[in-house]
Amino acid sequence: MAADALHVLIVDDSFIDRLVATRVLKSYNIRVTIMEGPNQAWEFLNADHDVDLILSDYCMPGMTGYDLLMEVKESPKLKDIPMVIMSSDNIPERMKKCLDAGAKEYVLKPLNVVDVPRLLGYI
């Protein structure tokens, strides 16, 4: 794969949801890195990686996708990386909270092939 391929970080504690999102993104020749939780993702992001977009689940143990969003947006180094929150739950208050905090979008799972071009538009 080309070194200049887009790089998406997927943060999700669900194996199935990670697998689906990875397959969908790879069908667009996107380089994917998978993290099982926000704390692991936070460490990865702070280690100088070339991430172009973060796709994070909302509900995860210990730290939510919203918490990760807040950390990313408060970091001078990471704040410009677009972040999309994914969830199985269609909760308007949660959606608004994430969008107001700087998420580019709140996507209902599973990630679908038709979502990808729109999400890549945030990069």
# chains A, B, ... in the order shown; residues from 1 in each chain; ligands from 1
>>> residues_around(residues="segment 85-92 of chain A", least_positions_apart="6", cutoff="12 Å", atoms="only C-alpha atoms", output="ChimeraX atom specification")
/A:9-14,17-18,21,53-60,64-70,98-112,115,119
>>> atom_distance(atom1="atom CA of Gly121 of chain A", atom2="atom CA of Leu19 of chain A")
22.3 Å
>>> atom_distance(atom1="atom CA of Glu36 of chain A", atom2="atom CA of Gly62 of chain A")
11.6 Å
>>> atom_distance(atom1="atom CA of Val114 of chain A", atom2="atom CA of Ile34 of chain A")
20.8 Å
>>> select_by_dssp(residues="chain A", states="strand (DSSP E or B)", output="number ranges by chain")
A: 7-11, 31-35, 53-57, 83-87, 105-108
>>> write_last_selection(atoms="N, CA and C atoms", output="PDB file, in the first residue's frame")
ATOM      1  N   HIS A   7      -4.921   7.501   6.506  1.00  0.00           N
ATOM      2  CA  HIS A   7      -4.762   6.674   7.705  1.00  0.00           C
ATOM      3  C   HIS A   7      -5.902   6.993   8.669  1.00  0.00           C
ATOM      4  N   VAL A   8      -6.717   5.984   8.970  1.00  0.00           N
ATOM      5  CA  VAL A   8      -7.840   6.151   9.885  1.00  0.00           C
ATOM      6  C   VAL A   8      -7.600   5.305  11.136  1.00  0.00           C
ATOM      7  N   LEU A   9      -7.799   5.933  12.283  1.00  0.00           N
ATOM      8  CA  LEU A   9      -7.712   5.238  13.565  1.00  0.00           C
ATOM      9  C   LEU A   9      -9.126   4.864  13.992  1.00  0.00           C
ATOM     10  N   ILE A  10      -9.349   3.569  14.214  1.00  0.00           N
ATOM     11  CA  ILE A  10     -10.638   3.068  14.706  1.00  0.00           C
ATOM     12  C   ILE A  10     -10.474   2.741  16.185  1.00  0.00           C
ATOM     13  N   VAL A  11     -11.361   3.298  17.002  1.00  0.00           N
ATOM     14  CA  VAL A  11     -11.338   3.049  18.445  1.00  0.00           C
ATOM     15  C   VAL A  11     -12.686   2.433  18.815  1.00  0.00           C
ATOM     16  N   ARG A  31      -5.526   3.015   4.972  1.00  0.00           N
ATOM     17  CA  ARG A  31      -4.727   2.349   5.996  1.00  0.00           C
ATOM     18  C   ARG A  31      -5.457   2.501   7.327  1.00  0.00           C
ATOM     19  N   VAL A  32      -5.609   1.388   8.038  1.00  0.00           N
ATOM     20  CA  VAL A  32      -6.392   1.372   9.271  1.00  0.00           C
ATOM     21  C   VAL A  32      -5.517   0.926  10.435  1.00  0.00           C
ATOM     22  N   THR A  33      -5.640   1.643  11.550  1.00  0.00           N
ATOM     23  CA  THR A  33      -5.051   1.216  12.811  1.00  0.00           C
ATOM     24  C   THR A  33      -6.209   1.025  13.774  1.00  0.00           C
ATOM     25  N   ILE A  34      -6.171  -0.061  14.524  1.00  0.00           N
ATOM     26  CA  ILE A  34      -7.259  -0.399  15.445  1.00  0.00           C
ATOM     27  C   ILE A  34      -6.774  -0.310  16.881  1.00  0.00           C
ATOM     28  N   MET A  35      -7.575   0.356  17.705  1.00  0.00           N
ATOM     29  CA  MET A  35      -7.339   0.397  19.142  1.00  0.00           C
ATOM     30  C   MET A  35      -8.619  -0.059  19.827  1.00  0.00           C
ATOM     31  N   LEU A  53      -7.902  10.722  10.326  1.00  0.00           N
ATOM     32  CA  LEU A  53      -9.280  10.726  10.809  1.00  0.00           C
ATOM     33  C   LEU A  53      -9.402   9.720  11.942  1.00  0.00           C
ATOM     34  N   ILE A  54     -10.172  10.074  12.969  1.00  0.00           N
ATOM     35  CA  ILE A  54     -10.431   9.161  14.091  1.00  0.00           C
ATOM     36  C   ILE A  54     -11.910   8.777  14.053  1.00  0.00           C
ATOM     37  N   LEU A  55     -12.166   7.475  14.038  1.00  0.00           N
ATOM     38  CA  LEU A  55     -13.531   6.947  14.166  1.00  0.00           C
ATOM     39  C   LEU A  55     -13.604   6.265  15.521  1.00  0.00           C
ATOM     40  N   SER A  56     -14.402   6.801  16.412  1.00  0.00           N
ATOM     41  CA  SER A  56     -14.457   6.249  17.766  1.00  0.00           C
ATOM     42  C   SER A  56     -15.877   5.872  18.165  1.00  0.00           C
ATOM     43  N   ASP A  57     -15.985   4.698  18.768  1.00  0.00           N
ATOM     44  CA  ASP A  57     -17.240   4.283  19.383  1.00  0.00           C
ATOM     45  C   ASP A  57     -17.531   5.249  20.530  1.00  0.00           C
ATOM     46  N   MET A  83     -12.699  14.030  13.917  1.00  0.00           N
ATOM     47  CA  MET A  83     -13.137  12.868  14.684  1.00  0.00           C
ATOM     48  C   MET A  83     -14.617  12.638  14.462  1.00  0.00           C
ATOM     49  N   VAL A  84     -14.967  11.373  14.235  1.00  0.00           N
ATOM     50  CA  VAL A  84     -16.349  10.952  14.036  1.00  0.00           C
ATOM     51  C   VAL A  84     -16.689   9.964  15.142  1.00  0.00           C
ATOM     52  N   ILE A  85     -17.831  10.177  15.785  1.00  0.00           N
ATOM     53  CA  ILE A  85     -18.292   9.273  16.839  1.00  0.00           C
ATOM     54  C   ILE A  85     -19.277   8.280  16.225  1.00  0.00           C
ATOM     55  N   MET A  86     -19.090   7.003  16.557  1.00  0.00           N
ATOM     56  CA  MET A  86     -19.993   5.945  16.090  1.00  0.00           C
ATOM     57  C   MET A  86     -20.732   5.378  17.304  1.00  0.00           C
ATOM     58  N   SER A  87     -21.974   4.969  17.077  1.00  0.00           N
ATOM     59  CA  SER A  87     -22.734   4.374  18.174  1.00  0.00           C
ATOM     60  C   SER A  87     -23.863   3.514  17.627  1.00  0.00           C
ATOM     61  N   GLU A 105     -19.158  14.272  12.903  1.00  0.00           N
ATOM     62  CA  GLU A 105     -20.401  13.566  12.642  1.00  0.00           C
ATOM     63  C   GLU A 105     -20.617  12.519  13.725  1.00  0.00           C
ATOM     64  N   TYR A 106     -21.865  12.086  13.862  1.00  0.00           N
ATOM     65  CA  TYR A 106     -22.247  11.008  14.774  1.00  0.00           C
ATOM     66  C   TYR A 106     -22.921   9.971  13.884  1.00  0.00           C
ATOM     67  N   VAL A 107     -22.273   8.831  13.698  1.00  0.00           N
ATOM     68  CA  VAL A 107     -22.720   7.809  12.749  1.00  0.00           C
ATOM     69  C   VAL A 107     -23.282   6.618  13.508  1.00  0.00           C
ATOM     70  N   LEU A 108     -24.425   6.134  13.036  1.00  0.00           N
ATOM     71  CA  LEU A 108     -24.976   4.923  13.628  1.00  0.00           C
ATOM     72  C   LEU A 108     -24.270   3.703  13.056  1.00  0.00           C
TER      73      LEU A 108
END
>>> select_by_dssp(residues="chain A", states="helix (DSSP H, G or I)", output="PyMOL selection string")
chain A and resi 15-26+38-45+65-74+92-100+113-120
>>> closest_residue(among="A:Met63, A:Ile81, A:Val24, A:Leu6", to="Gly37 of chain A", atoms="only C-alpha atoms")
A:Met63
